[in-house]
Every structure is written in structure tokens, then in C-alpha cells.
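Visitor: One structure, as C-alpha cells, below. Some questions next.
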Number of protein chains: 2
Amino acid sequence: MQPTPASDLQNRLDRFETYLKKSDMKITRQRMQVAEHIFCSSNHFTVESLADELKHKYRPGISRATIYRIVSLMVEAGMLTEHNFGQNSRRYEFIPGQKHHDHIICLDCGRIDEFVDSEIEKLQPKIAKKHGFTLEDHSLNLYGRCVELARKNRCPHHDAAVQTPGAQMV
Amino acid sequence: MQPTPASDLQNRLDRFETYLKKSDMKITRQRMQVAEHIFCSSNHFTVESLADELKHKYRPGISRATIYRIVSLMVEAGMLTEHNFGQNSRRYEFIPGQKHHDHIICLDCGRIDEFVDSEIEKLQPKIAKKHGFTLEDHSLNLYGRCVELARKNRCPHHDAAVQTPGAQMV
DNA sequence: ATGGGTGCAAAACCTTTGCATGTAG
DNA sequence: CTACATGCAAAGGTTTTGCACCCAT
């Protein structure tokens with residue numbers, strides 16, 4: 001994952017500020033720091049991981065309660081999606097444009113890869129319709145094992161990874 | 001959902017007993033009552049709902065701790081799958097044979113429908129392979145709104161349903 | 001009789017909330 | 001200034017655990 005170009009970052013921050021103003025919400029140090037961190041760092045983070053990273057990155061850090069509130073706000077704003085990967089806590093993901101994708105999760109180390117399959121995408125609204133639903137959203141998660149894991153009975157990324165979010169290896 | 005034929009029930013209970021014996025586990029009143037209830041009643045239940053239903057069905061009921069333990073055991077045994085539908089608590093589902101299916105969840109009332117799409121099923125292992133994974137499992141959840149809901153801005157099943165598990169309407 | 005299973009209550013988690021304080025507008 | 005945002009600590013909800021007691025084997 002390449003570093004976020006400065007211009008993209010600025011765009012995103014602007015987009016967020018605009019949203020806040022439009023919604024009569026205040027532009028606070030906490031909101032901007034959380035947003036900036038999310039815009040720059042890797043995906044599939046938890047509130048826990050955000051709190052930790054922000055504590056190291058900035059002086060006083062930001063309380064969990066506030067992070068929970070800001071993350072919810074950003075979900076409302078359509079800038080984050082929420083995931084349930086069957087792990088203990090919720091994961092969030094920044095939506096840069098609208099480019100949707102699904103996930104493959106390693107059952108051993110928790111590593112998360114992304115993919116899009118246009119055929120599957122096309123089939124889903126049809127299925128929903130057939131059942132009398134209008135499709136609003138979906139989540140497709142594949143659970144598997146790395147090839148190395150299958151061979152050695154242990155994923156090479158284990159320990160190192162165990163989804164320390166930020167460890168987005170490709 | 002038709003009532004479970006008695007013969008099926010017996011088969012399932014036998015299957016469970018066999019598993020317990022094979023694993024050097026004891027056949028207890030609690031384990032058999034939980035299993036029987038699961039085999040007979042509807043799907044997508046929570047530990048909470050199981051506890052409630054068992055309290056009404058049997059005399060002393062069964063403690064939550066024990067139910068959690070039995071449910072985990074049955075997941076291990078491959079007789080249940082665990083789901084995260086983005087709701088607060090985990091849902092479980094009995095696997096009668098191996099007939100897999102995916103889910104459509106109503107965003108308003110939480111009603112859960114099932115479907116299988118063979119095309120999607122076929123595509124998934126290919127995708128996993130392309131990413132260097134061996135597919136072990138997957139979950140595909142479609143989130144939408146009933147047609148009635150779209151019209152009236154309210155799902156006809158609301159209140160009545162709100163996923164009181166057991167309310168498996170088709 | 002004995003080792004595993006159960007029930008209870010407590011602990012461990014994750015997430016939300018009430019309230020006093022701080023601060024953007 | 002004033003209303004909204006934050007931080008803290010407490011509460012809420014789900015799941016797990018320690019331990020004494022119970023009961024299949």
C-alpha cells in the first residue's frame with residue numbers, strides 16, 4: 001500500500017470538514033486527528049487499534065468514548081464501513097471513493113485481503129429481488145488458509161500479524 | 001418450516017451421541033436437551049433465545065454458561081455454524097446435512113431469509129485460489145428491505161418479529 | 001470413585017452513556 | 001457566551017472463567 005499522496009489527504013480532510021459544517025458539527029482537534037489518521041493509515045482497524053496508534057502519534061491521545069463517537073459519525077457520513085469478520089470486535093474501513101470490495105480472511109493469522117468479482121456483484125441484486133428485497137448492502141467474506149499455511153500448518157504471518165491492524169501485507 | 005420428522009430427530013441425536021462418545025465426552029441431560037431443541041426448532045438462534053426457550057420447555061432450565069459451552073462444542077463438532085449478522089450477539093444455525101446457504105437480512109425487522117446461488121458458489125473457490133488461499137468457509141450476507149417496507153417505510157413484520165428467533169417466516 | 005460437566009457468580013470484553021468540564025463558533 | 005464535544009467513570013450487554021458441587025461412566 002503506497003503512502004497516501006498529500007493531495008488526496010487534503011481532499012479527504014476537506015470532504016470531512018465540509019460534512020461537519022454542513023451537519024452543524026464542530027471541527028475539533030479530536031475529529032481531525034482521528035480522520036487524518038484513518039485517511040493515512042491502513043484499513044480494517046478497530047477502535048482499540050485506533051486508540052493505541054493515536055496515543056503514540058499525538059500528545060494526550062483521544063479517549064475511547066470519543067473515538068467510538070467519531071467512528072460512528074464517519075460511518076453516518078458514508079466515509080467508513082463497518083465489518084463483522086467473526087472476530088471479537090468490529091472493524092472499520094475507509095471508503096476512498098465508492099470502490100466497493102469484499103474480503104478474504106486467513107483463519108490462522110487474521111490477515112485480510114480484498115477482492116472484487118464483478119460477476120458476483122451482478123448476481124446479488126437479482127437474488128435479493130427474487131426474494132422480495134431491495135438490496136441495500138452486502139458483505140461477502142471468504143475464510144481460508146494461506147498456501148504456506150496449508151503446507152506448514154502455520155501461516156508465515158502469524159505472531160507478526162494476528163491482525164495488528166496496520167499490518168496490511170500484500 | 002415443516003416439523004422435523006421423528007426419524008430425522010433420532011438420527012441427529014444419534015449423530016451427536018456418537019460424536020460425544022468418540023470424543024470421550026459425557027452424555028448429559030443438558031447436552032441432549034440443548035441438542036434436541038436445536039434439532040427441532042428454527043434456525044438463526046442466539047444463546048439468549050436458547051436459554052429462554054429451554055427455560056420454558058424443561059423444568060430447571062440450563063444455565064447460560066453451560067449453553068455457551070454446549071454451543072461451542074457443537075460448532076467444533078461441525079453441527080452448527082456461527083454467524084455475525086452485524087447484530088449485537090452471535091447467531092447459530094444447525095447444519096442438517098451439508099446443505100449450505102447464504103442469508104438475506106431485513107435492515108428494519110431483522111428477518112432472515114436463506115438462499116443458495118450455485119453460480120456464486122462456484123466462483124468463490126476460484127477467487128480464493130487466485131489470492132493464494134484455500135477456501136475453508138465463507139459467509140455472504142445481503143442486507144436489504146422488504147418490498148412492503150420500501151413502500152410503507154416500515155416492514156410489516158416489525159414489532160412482531162425483530163428477530164425473535166423462532167419467527168422464521170417464509 | 002473420579003474425572004469431566006454444570007451452575008453460580010465474578011470477571012473480562014466491547015460498547016454506550018451520564019455528567020461535569022472544555023472549547024469551537 | 002452558549003451549545004456542542006470531550007473525558008472520565010460507570011453502566012450495559014455479551015461471552016468466558018474459577019471453583020465448588022454434581023453425576024455419568
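Residue names in the C-alpha cells use chain letters A, B, ... in the order shown, residue numbers from 1 in each chain, and ligand numbers from 1 in the order shown.
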Mind running a least-squares superposition of chain B onto chain A over all the C-alpha atoms, in order, and reading off the RMSD?
Guide: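 Chain A versus chain B: RMSD of 0.3 Å.
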Visitor: Dump as JSON lines the rows for residues of chain C within 8 Å of chain A: closest atom pair and distance in Å with one decimal, only C-alpha atoms (C1' of nucleotides) counted, ordered by chain and rising residue number.
Guide:
```
{"residue": "C:DC14", "atom": "C1'", "partner": "A:Ser89", "partner_atom": "CA", "distance": 6.7}
{"residue": "C:DA24", "atom": "C1'", "partner": "A:Lys26", "partner_atom": "CA", "distance": 6.3}
{"residue": "C:DG25", "atom": "C1'", "partner": "A:Lys26", "partner_atom": "CA", "distance": 7.8}
```
Visitor: I need the chain D residues near chain B as a ChimeraX atom specification; criterion: at most 9 Å, counting only C-alpha atoms (C1' of nucleotides).
Guide: /D:13-16,23-25
Visitor: Go ahead and dump the residues you just picked, C-alpha atoms (C1' of nucleotides), as a PDB file, in the first residue's frame.
Guide:
```pdb
ATOM      1  C1'  DG D  13     -24.650  -6.284  27.184  1.00  0.00           C
ATOM      2  C1'  DT D  14     -22.393 -10.483  25.676  1.00  0.00           C
ATOM      3  C1'  DT D  15     -19.209 -14.135  26.462  1.00  0.00           C
ATOM      4  C1'  DT D  16     -15.732 -16.500  29.353  1.00  0.00           C
ATOM      5  C1'  DC D  23     -23.222 -37.039  38.196  1.00  0.00           C
ATOM      6  C1'  DA D  24     -22.218 -40.044  34.036  1.00  0.00           C
ATOM      7  C1'  DT D  25     -19.112 -43.663  33.452  1.00  0.00           C
TER       8       DT D  25
END
```
Visitor: Mind dumping a table of every chain B residue within 10 Å of chain A, with the nearest atom pair and its distance in Å to one decimal, using only C-alpha atoms, sorted by chain and rising number, as a tab-separated table?
Guide:
```
residue	atom	partner	partner_atom	distance
B:Glu82	CA	A:Gly86	CA	8.3
B:His83	CA	A:Gly86	CA	7.3
B:Asn84	CA	A:Gly86	CA	6.0
B:Phe85	CA	A:Asn84	CA	7.5
B:Gly86	CA	A:Asn84	CA	6.1
B:Gln87	CA	A:Asn84	CA	9.2
B:Arg90	CA	A:Gly86	CA	8.7
B:Asp102	CA	A:Leu140	CA	9.7
B:His103	CA	A:Ala128	CA	9.8
B:Ile104	CA	A:Ala128	CA	7.2
B:Ile105	CA	A:Phe133	CA	9.1
B:Cys106	CA	A:Phe133	CA	7.9
B:Leu107	CA	A:Glu136	CA	8.5
B:Asp113	CA	A:His131	CA	8.0
B:Glu114	CA	A:His131	CA	9.0
B:Phe115	CA	A:Ile127	CA	8.0
B:Val116	CA	A:Ile127	CA	9.0
B:Asp117	CA	A:Ile127	CA	7.9
B:Glu119	CA	A:Ile120	CA	8.1
B:Ile120	CA	A:Ile120	CA	5.9
B:Glu121	CA	A:Ile120	CA	9.4
B:Leu123	CA	A:Ile120	CA	7.6
B:Gln124	CA	A:Leu142	CA	7.6
B:Pro125	CA	A:Leu142	CA	8.8
B:Ile127	CA	A:Asp117	CA	7.9
B:Ala128	CA	A:Ile104	CA	7.2
B:Lys129	CA	A:Val147	CA	8.9
B:Lys130	CA	A:Phe115	CA	9.9
B:His131	CA	A:Asp113	CA	8.0
B:Gly132	CA	A:Val147	CA	5.7
B:Phe133	CA	A:Cys146	CA	4.6
B:Thr134	CA	A:Gly144	CA	5.2
B:Leu135	CA	A:Gly144	CA	4.4
B:Glu136	CA	A:Gly144	CA	4.7
B:Asp137	CA	A:Tyr143	CA	5.0
B:His138	CA	A:Leu142	CA	4.3
B:Ser139	CA	A:Asn141	CA	5.3
B:Leu140	CA	A:Leu140	CA	4.2
B:Asn141	CA	A:Ser139	CA	5.2
B:Leu142	CA	A:His138	CA	4.3
B:Tyr143	CA	A:Asp137	CA	5.0
B:Gly144	CA	A:Leu135	CA	4.3
B:Arg145	CA	A:Phe133	CA	5.1
B:Cys146	CA	A:Phe133	CA	4.6
B:Val147	CA	A:Gly132	CA	5.7
B:Glu148	CA	A:Gly132	CA	8.6
B:Leu149	CA	A:Phe133	CA	9.0
B:Ala150	CA	A:Thr134	CA	7.8
B:Val170	CA	A:His131	CA	9.8
```
Visitor: As an mmCIF file with N, CA and C atoms, in the first residue's frame, which residues of chain A does DSSP assign to helix (DSSP H, G or I)?
Guide:
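Below is the file states16.cif, written as the result:
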```
data_model
loop_
_atom_site.group_PDB
_atom_site.id
_atom_site.type_symbol
_atom_site.label_atom_id
_atom_site.label_comp_id
_atom_site.auth_asym_id
_atom_site.auth_seq_id
_atom_site.Cartn_x
_atom_site.Cartn_y
_atom_site.Cartn_z
ATOM 1 N N ALA A 6 -0.222 13.541 -0.606
ATOM 2 C CA ALA A 6 -0.634 14.674 0.217
ATOM 3 C C ALA A 6 -1.925 15.297 -0.301
ATOM 4 N N SER A 7 -2.057 15.354 -1.607
ATOM 5 C CA SER A 7 -3.241 15.982 -2.183
ATOM 6 C C SER A 7 -4.502 15.195 -1.843
ATOM 7 N N ASP A 8 -4.404 13.867 -1.924
ATOM 8 C CA ASP A 8 -5.546 13.039 -1.546
ATOM 9 C C ASP A 8 -5.926 13.291 -0.102
ATOM 10 N N LEU A 9 -4.926 13.298 0.733
ATOM 11 C CA LEU A 9 -5.181 13.521 2.153
ATOM 12 C C LEU A 9 -5.932 14.826 2.341
ATOM 13 N N GLN A 10 -5.446 15.869 1.695
ATOM 14 C CA GLN A 10 -6.076 17.173 1.848
ATOM 15 C C GLN A 10 -7.527 17.134 1.357
ATOM 16 N N ASN A 11 -7.739 16.497 0.230
ATOM 17 C CA ASN A 11 -9.106 16.338 -0.282
ATOM 18 C C ASN A 11 -10.020 15.683 0.725
ATOM 19 N N ARG A 12 -9.505 14.612 1.310
ATOM 20 C CA ARG A 12 -10.319 13.862 2.247
ATOM 21 C C ARG A 12 -10.644 14.680 3.488
ATOM 22 N N LEU A 13 -9.630 15.357 3.980
ATOM 23 C CA LEU A 13 -9.857 16.192 5.158
ATOM 24 C C LEU A 13 -10.879 17.280 4.830
ATOM 25 N N ASP A 14 -10.754 17.836 3.649
ATOM 26 C CA ASP A 14 -11.709 18.862 3.230
ATOM 27 C C ASP A 14 -13.123 18.288 3.169
ATOM 28 N N ARG A 15 -13.206 17.096 2.594
ATOM 29 C CA ARG A 15 -14.509 16.456 2.462
ATOM 30 C C ARG A 15 -15.142 16.283 3.840
ATOM 31 N N PHE A 16 -14.293 15.873 4.799
ATOM 32 C CA PHE A 16 -14.777 15.644 6.150
ATOM 33 C C PHE A 16 -15.207 16.962 6.802
ATOM 34 N N GLU A 17 -14.382 17.976 6.660
ATOM 35 C CA GLU A 17 -14.720 19.294 7.214
ATOM 36 C C GLU A 17 -16.030 19.803 6.641
ATOM 37 N N THR A 18 -16.169 19.653 5.346
ATOM 38 C CA THR A 18 -17.394 20.097 4.685
ATOM 39 C C THR A 18 -18.601 19.386 5.277
ATOM 40 N N TYR A 19 -18.429 18.073 5.465
ATOM 41 C CA TYR A 19 -19.525 17.304 6.037
ATOM 42 C C TYR A 19 -19.881 17.818 7.427
ATOM 43 N N LEU A 20 -18.878 18.059 8.220
ATOM 44 C CA LEU A 20 -19.117 18.524 9.587
ATOM 45 C C LEU A 20 -19.858 19.859 9.583
ATOM 46 N N LYS A 21 -19.368 20.769 8.751
ATOM 47 C CA LYS A 21 -20.020 22.087 8.699
ATOM 48 C C LYS A 21 -21.464 21.955 8.253
ATOM 49 N N LYS A 22 -21.641 21.203 7.177
ATOM 50 C CA LYS A 22 -22.978 21.017 6.633
ATOM 51 C C LYS A 22 -23.934 20.468 7.695
ATOM 52 N N ARG A 29 -10.120 19.254 17.376
ATOM 53 C CA ARG A 29 -8.815 18.609 17.278
ATOM 54 C C ARG A 29 -9.011 17.097 17.158
ATOM 55 N N GLN A 30 -9.842 16.517 18.038
ATOM 56 C CA GLN A 30 -10.037 15.066 18.052
ATOM 57 C C GLN A 30 -10.583 14.556 16.718
ATOM 58 N N ARG A 31 -11.595 15.211 16.211
ATOM 59 C CA ARG A 31 -12.194 14.758 14.962
ATOM 60 C C ARG A 31 -11.200 14.788 13.818
ATOM 61 N N MET A 32 -10.423 15.861 13.756
ATOM 62 C CA MET A 32 -9.498 15.965 12.638
ATOM 63 C C MET A 32 -8.326 14.990 12.785
ATOM 64 N N GLN A 33 -7.873 14.791 13.997
ATOM 65 C CA GLN A 33 -6.769 13.846 14.196
ATOM 66 C C GLN A 33 -7.196 12.418 13.865
ATOM 67 N N VAL A 34 -8.387 12.052 14.313
ATOM 68 C CA VAL A 34 -8.873 10.709 14.010
ATOM 69 C C VAL A 34 -9.015 10.553 12.503
ATOM 70 N N ALA A 35 -9.645 11.522 11.879
ATOM 71 C CA ALA A 35 -9.870 11.441 10.437
ATOM 72 C C ALA A 35 -8.536 11.352 9.699
ATOM 73 N N GLU A 36 -7.607 12.211 10.034
ATOM 74 C CA GLU A 36 -6.323 12.202 9.342
ATOM 75 C C GLU A 36 -5.635 10.859 9.494
ATOM 76 N N HIS A 37 -5.677 10.326 10.700
ATOM 77 C CA HIS A 37 -5.034 9.036 10.909
ATOM 78 C C HIS A 37 -5.684 7.954 10.053
ATOM 79 N N ILE A 38 -6.983 7.956 10.017
ATOM 80 C CA ILE A 38 -7.707 6.966 9.212
ATOM 81 C C ILE A 38 -7.384 7.132 7.730
ATOM 82 N N PHE A 39 -7.310 8.372 7.288
ATOM 83 C CA PHE A 39 -7.068 8.625 5.872
ATOM 84 C C PHE A 39 -5.670 8.169 5.462
ATOM 85 N N CYS A 40 -4.745 8.199 6.391
ATOM 86 C CA CYS A 40 -3.357 7.883 6.059
ATOM 87 C C CYS A 40 -2.985 6.431 6.307
ATOM 88 N N VAL A 47 -11.509 0.103 16.978
ATOM 89 C CA VAL A 47 -11.439 1.274 17.843
ATOM 90 C C VAL A 47 -10.214 1.154 18.741
ATOM 91 N N GLU A 48 -10.014 -0.026 19.228
ATOM 92 C CA GLU A 48 -8.833 -0.346 20.038
ATOM 93 C C GLU A 48 -7.528 0.060 19.352
ATOM 94 N N SER A 49 -7.362 -0.368 18.119
ATOM 95 C CA SER A 49 -6.106 -0.090 17.419
ATOM 96 C C SER A 49 -5.967 1.407 17.149
ATOM 97 N N LEU A 50 -7.051 2.033 16.805
ATOM 98 C CA LEU A 50 -7.020 3.480 16.587
ATOM 99 C C LEU A 50 -6.541 4.184 17.849
ATOM 100 N N ALA A 51 -7.123 3.815 18.968
ATOM 101 C CA ALA A 51 -6.783 4.457 20.239
ATOM 102 C C ALA A 51 -5.294 4.313 20.524
ATOM 103 N N ASP A 52 -4.799 3.101 20.324
ATOM 104 C CA ASP A 52 -3.377 2.860 20.563
ATOM 105 C C ASP A 52 -2.507 3.717 19.666
ATOM 106 N N GLU A 53 -2.807 3.679 18.390
ATOM 107 C CA GLU A 53 -1.975 4.405 17.436
ATOM 108 C C GLU A 53 -2.018 5.909 17.679
ATOM 109 N N LEU A 54 -3.177 6.399 18.028
ATOM 110 C CA LEU A 54 -3.303 7.834 18.264
ATOM 111 C C LEU A 54 -2.582 8.250 19.540
ATOM 112 N N LYS A 55 -2.539 7.329 20.485
ATOM 113 C CA LYS A 55 -1.844 7.644 21.735
ATOM 114 C C LYS A 55 -0.358 7.848 21.477
ATOM 115 N N HIS A 56 0.178 7.049 20.563
ATOM 116 C CA HIS A 56 1.594 7.194 20.231
ATOM 117 C C HIS A 56 1.850 8.375 19.312
ATOM 118 N N LYS A 57 0.904 8.662 18.451
ATOM 119 C CA LYS A 57 1.109 9.678 17.419
ATOM 120 C C LYS A 57 0.957 11.087 17.963
ATOM 121 N N ARG A 64 -11.319 6.663 24.338
ATOM 122 C CA ARG A 64 -12.064 5.675 23.574
ATOM 123 C C ARG A 64 -13.487 6.137 23.294
ATOM 124 N N ALA A 65 -14.139 6.672 24.309
ATOM 125 C CA ALA A 65 -15.532 7.107 24.127
ATOM 126 C C ALA A 65 -15.617 8.037 22.935
ATOM 127 N N THR A 66 -14.685 8.953 22.867
ATOM 128 C CA THR A 66 -14.693 9.912 21.768
ATOM 129 C C THR A 66 -14.420 9.228 20.440
ATOM 130 N N ILE A 67 -13.492 8.288 20.445
ATOM 131 C CA ILE A 67 -13.197 7.584 19.200
ATOM 132 C C ILE A 67 -14.417 6.807 18.727
ATOM 133 N N TYR A 68 -15.082 6.150 19.642
ATOM 134 C CA TYR A 68 -16.314 5.463 19.269
ATOM 135 C C TYR A 68 -17.283 6.442 18.621
ATOM 136 N N ARG A 69 -17.400 7.610 19.235
ATOM 137 C CA ARG A 69 -18.363 8.577 18.708
ATOM 138 C C ARG A 69 -17.945 9.080 17.329
ATOM 139 N N ILE A 70 -16.660 9.312 17.156
ATOM 140 C CA ILE A 70 -16.191 9.835 15.867
ATOM 141 C C ILE A 70 -16.322 8.774 14.772
ATOM 142 N N VAL A 71 -16.017 7.551 15.123
ATOM 143 C CA VAL A 71 -16.119 6.489 14.136
ATOM 144 C C VAL A 71 -17.573 6.315 13.676
ATOM 145 N N SER A 72 -18.498 6.353 14.622
ATOM 146 C CA SER A 72 -19.918 6.243 14.257
ATOM 147 C C SER A 72 -20.322 7.382 13.338
ATOM 148 N N LEU A 73 -19.844 8.536 13.686
ATOM 149 C CA LEU A 73 -20.118 9.731 12.890
ATOM 150 C C LEU A 73 -19.626 9.546 11.457
ATOM 151 N N MET A 74 -18.456 8.967 11.310
ATOM 152 C CA MET A 74 -17.892 8.793 9.972
ATOM 153 C C MET A 74 -18.619 7.689 9.198
ATOM 154 N N VAL A 75 -19.182 6.744 9.923
ATOM 155 C CA VAL A 75 -19.997 5.736 9.253
ATOM 156 C C VAL A 75 -21.252 6.421 8.710
ATOM 157 N N GLU A 76 -21.889 7.227 9.561
ATOM 158 C CA GLU A 76 -23.042 8.023 9.141
ATOM 159 C C GLU A 76 -22.726 8.849 7.901
ATOM 160 N N SER A 118 -16.806 -9.066 -10.353
ATOM 161 C CA SER A 118 -17.926 -8.368 -10.992
ATOM 162 C C SER A 118 -19.107 -9.300 -11.225
ATOM 163 N N GLU A 119 -18.832 -10.563 -11.470
ATOM 164 C CA GLU A 119 -19.946 -11.490 -11.689
ATOM 165 C C GLU A 119 -20.789 -11.622 -10.431
ATOM 166 N N ILE A 120 -20.096 -11.826 -9.321
ATOM 167 C CA ILE A 120 -20.826 -11.944 -8.058
ATOM 168 C C ILE A 120 -21.610 -10.668 -7.785
ATOM 169 N N GLU A 121 -20.979 -9.548 -8.017
ATOM 170 C CA GLU A 121 -21.657 -8.266 -7.785
ATOM 171 C C GLU A 121 -22.961 -8.189 -8.579
ATOM 172 N N LYS A 122 -22.896 -8.659 -9.805
ATOM 173 C CA LYS A 122 -24.082 -8.554 -10.646
ATOM 174 C C LYS A 122 -25.192 -9.494 -10.182
ATOM 175 N N LEU A 123 -24.803 -10.631 -9.633
ATOM 176 C CA LEU A 123 -25.803 -11.624 -9.229
ATOM 177 C C LEU A 123 -26.605 -11.190 -8.004
ATOM 178 N N GLN A 124 -25.969 -10.445 -7.120
ATOM 179 C CA GLN A 124 -26.593 -10.161 -5.827
ATOM 180 C C GLN A 124 -27.927 -9.418 -5.895
ATOM 181 N N PRO A 125 -28.006 -8.321 -6.624
ATOM 182 C CA PRO A 125 -29.297 -7.622 -6.659
ATOM 183 C C PRO A 125 -30.402 -8.515 -7.223
ATOM 184 N N LYS A 126 -30.035 -9.379 -8.143
ATOM 185 C CA LYS A 126 -31.022 -10.280 -8.715
ATOM 186 C C LYS A 126 -31.568 -11.229 -7.658
ATOM 187 N N ILE A 127 -30.666 -11.781 -6.869
ATOM 188 C CA ILE A 127 -31.085 -12.693 -5.810
ATOM 189 C C ILE A 127 -32.010 -11.985 -4.837
ATOM 190 N N ALA A 128 -31.601 -10.793 -4.417
ATOM 191 C CA ALA A 128 -32.402 -10.036 -3.459
ATOM 192 C C ALA A 128 -33.803 -9.812 -4.013
ATOM 193 N N LYS A 129 -33.858 -9.403 -5.241
ATOM 194 C CA LYS A 129 -35.135 -9.110 -5.885
ATOM 195 C C LYS A 129 -36.033 -10.346 -5.888
ATOM 196 N N LYS A 130 -35.402 -11.469 -6.222
ATOM 197 C CA LYS A 130 -36.154 -12.716 -6.278
ATOM 198 C C LYS A 130 -36.815 -13.017 -4.931
ATOM 199 N N VAL A 147 -1.505 -20.484 1.276
ATOM 200 C CA VAL A 147 -0.883 -21.690 0.744
ATOM 201 C C VAL A 147 0.245 -22.144 1.655
ATOM 202 N N GLU A 148 1.032 -21.192 2.144
ATOM 203 C CA GLU A 148 2.133 -21.549 3.041
ATOM 204 C C GLU A 148 1.602 -22.217 4.297
ATOM 205 N N LEU A 149 0.493 -21.671 4.779
ATOM 206 C CA LEU A 149 -0.122 -22.221 5.980
ATOM 207 C C LEU A 149 -0.529 -23.667 5.754
ATOM 208 N N ALA A 150 -1.138 -23.908 4.609
ATOM 209 C CA ALA A 150 -1.589 -25.262 4.304
ATOM 210 C C ALA A 150 -0.397 -26.222 4.306
ATOM 211 N N ARG A 151 0.742 -25.728 3.825
ATOM 212 C CA ARG A 151 1.923 -26.577 3.739
ATOM 213 C C ARG A 151 2.540 -26.817 5.108
ATOM 214 N N LYS A 152 2.719 -25.713 5.849
ATOM 215 C CA LYS A 152 3.464 -25.808 7.108
ATOM 216 C C LYS A 152 2.558 -25.914 8.321
#
```
